[in-house]
Amino acid sequence: MEPKVVECELAGRRFSIETGRLAKQAGGSAFVRYGDTVVLVTATAQASARENVDFLPLTVDYQEKTFAAGKIPGGFFKREGKPSEKEVLTSRLIDRPCRPLFPEGWHSETQIVATVLSAEKDCDPDMVALCGASAALTVSDIPFAGPIAGIRVGRVDGKFVFNPTAEELEKSDINLIVAGSRDAIVMVEGGAKVVPDEIMLEALFAAHEALQPIIDLQLKLQKEAGKAKRPSPVLPEPGKLQARVREVAGPLCKDALATTTKLERYAKFDEAKAATKAALAAEFPDQEKAISEAFGDLKYEAVRSMIVKDKKRLDGRGLADIRPIWIDLGLLPRAHGSAVFTRGETQALVTTTLGTSADQQRIDSLLGESKKTFMLHYNFPPFSVGEVKFLRGPSRRDVGHGALAERALTPILPGDEFPYTIRIVSEVLESNGSSSMATVCGGSLSLLDAGAKIKAPVAGIAMGLIKEGDKFAILSDILGDEDHLGDMDFKVAGTAEGVTALQMDIKIDGLTRDVMKAALEQAKAGRLHILGEMGKAIAAPRETLSDYAPRITTIKINKEKIRDVIGPGGKVIRALVEETGCTIDIEDDGTVSVASTDAASMKKAIDRILGITAEAEVGKIYEGKVRKIVDFGAFVEIMPGTDGLLHISQISTERIRAVTDVLKEGDRIRVKVLEVDRSGKIRLSRREAMADDGVQE
């Protein structure tokens, strides 16, 4: 096959997709270039389906090669290691919009690999990789209900900007990634600096319109170079077995559907399934798996019908009702801030730890090195859902949920007046519906408990949608089952004034603007309710920090004196740290931050720094030490490292023959600064100091 290239202009840069030249043995490949950013994406599926699976075995791997930015990896091995947080989050970003577009019953092992080959500083590869994944699937032989495309939208000076540069993004109050098909938005991920809900809605649909040219390119490429698609799995038509399962299991499920507690409801559904299998075992021998699948379909339909038609939810709530909220603050005596946030059967224990500049996280990415002064880590242990599993490192889901909560809280963090490194950790203790939004609420509360002067509290809520024909139901504060059985998972976090984070995954086509608007309005009402409950527990930051939190004092010194504080080879500052036990950080502009949990040690360190960096003031009297005597006078140290000349004529009120008649090395005397010349030389007078003190010799 001859290589094919399609291209267009997108937000001021050339965007092109090529196939047929590289990675030709993959099921489908796309070499995507946007500006100087290049990503190769492949999509491959095994020829035969996996046996005994009832899920889509899809793997997405996004990987950044350091040569793409002209860099060599650090570390001993000098090669790329385990995926970075950025790579994990981008893998999820690709997976989420693509996964719902595979046909039901597709059980062939499928893998998407996106490799960044060239990286331009002003063009993040994540959107290029997402578009490339769709293109690779579209031209492959894999059944896929695409194409889709992704685009980043910002807002600078009130105007939407698509795929903004790094400089534009810095000025933007919105940073949203939107993925969409020809007719619908399928995924949203991003944040905002407290932007009104209606503006966020406009941003979503503006982005959907802006990504359409990429859809056009993929359709053109498919027409010119696409492979014939494999047949989609043929799903069995409902037959006698399905009818008998409905007949037997229908009455048994009613009791389970009326049970409002999660684990009790699960137990009753399990009992109903076991009873159905037992009742039909003789009639349908060796069909246990088929009976289980038919029971699952029945449960799915029954729950959805109950919500849409009867407006009744699994736990008995109305569609817009929020579960009861319980909050406990300061639970952990040694943590700098702690909060337990419980909403229904979802509970998160969230802590805030305040650190110094030494605790900042260093990040080495394709786009350069940076430091993070705010980190949020989310942990989801198996006991939170009543399961038993090995404890491993954080999963991709854990990383994604933590990133969402971190994004939600970042806009409200205090500014430079609160010079702490902040780490929030969320331990999910129970889960039945949006533990990530419980983390947002708990994180906001723990910051307040820690005394962080945040700009405003933030709450988060998870919304759901169930659509049957022309009827639909928007659900506030969804349960885990409602998330699994529903058509949309829509998480919104923000203050009373506006949105700080947004995440949405949609499983159906044709979600209208009116439905989206209604969902946002209902989410805002729920968010305000949760903020009200949080305000009852704590309305403002604690007046004082925890006794175990470091105190940080910031002082300003002359930039020319920085080297004096550091000393040759860092000798002076190391000695200060060892002597006082304080953490000392010096910025290039002369800002010095001293941190310690001990007030006396901090004062000692600050006094020493001020002494080292102090400058002589004309007319001021100092207590000095005679350091050296010469024929024409004496050199007196008036501050650490600062000497002045005391001329023989300025030693006494009377004429003296020799300096040694009055002074000797090591004497402590009071001297007055007469002059500091342009070169920094200091002229002193003992005689005038004596006169000012009223002392006669």
# chains A, B, ... in the order shown; residues from 1 in each chain; ligands from 1
call {"tool": "closest_atom_pairs", "arguments": {"of": "stretch 97-149 of chain A", "to": "stretch 15-25 of chain A", "cutoff": "12 Å", "atoms": "only C-alpha atoms", "output": "CSV"}}
result
residue,atom,partner,partner_atom,distance
A:Val113,CA,A:Ala23,CA,11.2
A:Ala114,CA,A:Ala23,CA,11.9
A:Thr115,CA,A:Ala23,CA,11.7
A:Cys123,CA,A:Phe15,CA,11.5
A:Met127,CA,A:Phe15,CA,11.5
A:Val128,CA,A:Phe15,CA,9.0
A:Ala129,CA,A:Ile17,CA,11.2
A:Cys131,CA,A:Ile17,CA,9.2
A:Gly132,CA,A:Ile17,CA,7.6
A:Ala133,CA,A:Ile17,CA,11.0
A:Ser134,CA,A:Ile17,CA,11.0
A:Ala135,CA,A:Ile17,CA,7.8
A:Ala136,CA,A:Thr19,CA,8.2
A:Leu137,CA,A:Thr19,CA,11.5
A:Thr138,CA,A:Thr19,CA,11.0
A:Val139,CA,A:Thr19,CA,8.2
A:Ser140,CA,A:Thr19,CA,10.2
A:Asp141,CA,A:Gln25,CA,11.9
call {"tool": "select_by_dssp", "arguments": {"residues": "stretch 498-612 of chain A", "states": "helix (DSSP H, G or I)", "output": "count of residues only"}}
result
60
call {"tool": "residues_around", "arguments": {"residues": "A:Leu674", "least_positions_apart": "3", "cutoff": "7 Å", "atoms": "only C-alpha atoms", "output": "PyMOL selection string"}}
result
chain A and resi 618-619+683-685
call {"tool": "write_last_selection", "arguments": {"atoms": "C-alpha atoms", "output": "CSV table (one decimal), in the first residue's frame"}}
result
chain,number,residue,atom,x,y,z
A,618,VAL,CA,26.3,56.1,58.7
A,619,GLY,CA,25.8,57.7,62.1
A,683,ARG,CA,35.5,54.9,58.4
A,684,LEU,CA,34.9,54.7,62.1
A,685,SER,CA,35.3,57.0,65.2
call {"tool": "closest_residue", "arguments": {"among": "A:Ala274, A:Leu130, A:Ile586, A:Ala294", "to": "A:Leu89", "atoms": "only C-alpha atoms"}}
result
A:Leu130
call {"tool": "closest_atom_pairs", "arguments": {"of": "stretch 8-124 of chain A", "to": "stretch 172-189 of chain A", "cutoff": "12 Å", "atoms": "only C-alpha atoms", "output": "Markdown table"}}
result
| residue | atom | partner | partner_atom | distance |
| --- | --- | --- | --- | --- |
| A:Leu89 | CA | A:Glu189 | CA | 10.5 |
| A:Thr90 | CA | A:Glu189 | CA | 10.8 |
| A:Arg92 | CA | A:Glu189 | CA | 10.5 |
| A:Leu93 | CA | A:Glu189 | CA | 8.0 |
| A:Ile94 | CA | A:Ala179 | CA | 9.3 |
| A:Asp95 | CA | A:Met187 | CA | 10.3 |
| A:Arg96 | CA | A:Met187 | CA | 7.1 |
| A:Pro97 | CA | A:Met187 | CA | 5.6 |
| A:Cys98 | CA | A:Val186 | CA | 8.9 |
| A:Arg99 | CA | A:Val186 | CA | 10.5 |
| A:Pro100 | CA | A:Val186 | CA | 9.1 |
| A:Leu101 | CA | A:Val186 | CA | 9.7 |
| A:Asp124 | CA | A:Ile177 | CA | 11.4 |
call {"tool": "write_last_selection", "arguments": {"atoms": "C-alpha atoms", "output": "short mmCIF file (atom, residue, chain, number, x, y, z; two decimals), in the first residue's frame"}}
result
data_model
loop_
_atom_site.label_atom_id
_atom_site.label_comp_id
_atom_site.auth_asym_id
_atom_site.auth_seq_id
_atom_site.Cartn_x
_atom_site.Cartn_y
_atom_site.Cartn_z
CA LEU A 89 -2.73 10.15 32.84
CA THR A 90 -2.40 10.42 29.06
CA ARG A 92 -6.20 7.09 30.59
CA LEU A 93 -7.05 10.11 28.46
CA ILE A 94 -6.83 7.95 25.33
CA ASP A 95 -8.54 4.91 26.84
CA ARG A 96 -11.65 6.65 28.19
CA PRO A 97 -13.14 8.02 24.94
CA CYS A 98 -12.07 5.04 22.82
CA ARG A 99 -13.29 2.20 25.05
CA PRO A 100 -17.08 2.76 24.64
CA LEU A 101 -16.73 2.77 20.83
CA ASP A 124 1.69 19.04 24.33
#
call {"tool": "residues_around", "arguments": {"residues": "A:Asp359", "least_positions_apart": "3", "cutoff": "9 Å", "atoms": "only C-alpha atoms", "output": "PyMOL selection string"}}
result
chain A and resi 355-356+373+421-422
call {"tool": "write_last_selection", "arguments": {"atoms": "C-alpha atoms", "output": "compact mmCIF listing (two decimals), in the first residue's frame"}}
result
# COMPACT_ATOMS: atom_id res chain seq x y z
CA GLY A 355 6.48 21.14 54.37
CA THR A 356 9.33 23.42 53.37
CA THR A 373 4.76 22.74 45.73
CA THR A 421 4.95 22.87 50.26
CA ILE A 422 1.57 21.15 50.68
call {"tool": "residues_around", "arguments": {"residues": "A:Val492", "least_positions_apart": "2", "cutoff": "8 Å", "atoms": "only C-alpha atoms", "output": "MDAnalysis selection string"}}
result
chainID A and resid 460:463 490 494 499:503 523
call {"tool": "residues_around", "arguments": {"residues": "stretch 597-611 of chain A", "least_positions_apart": "6", "cutoff": "10 Å", "atoms": "only C-alpha atoms", "output": "VMD selection string"}}
result
chain A and resid 546 to 557 561 to 562 564 to 566 572 to 573 576 to 577 579 to 584 638 to 642
call {"tool": "atom_distance", "arguments": {"atom1": "atom CA of A:Asp364", "atom2": "atom CA of A:Glu64"}}
result
11.9 Å
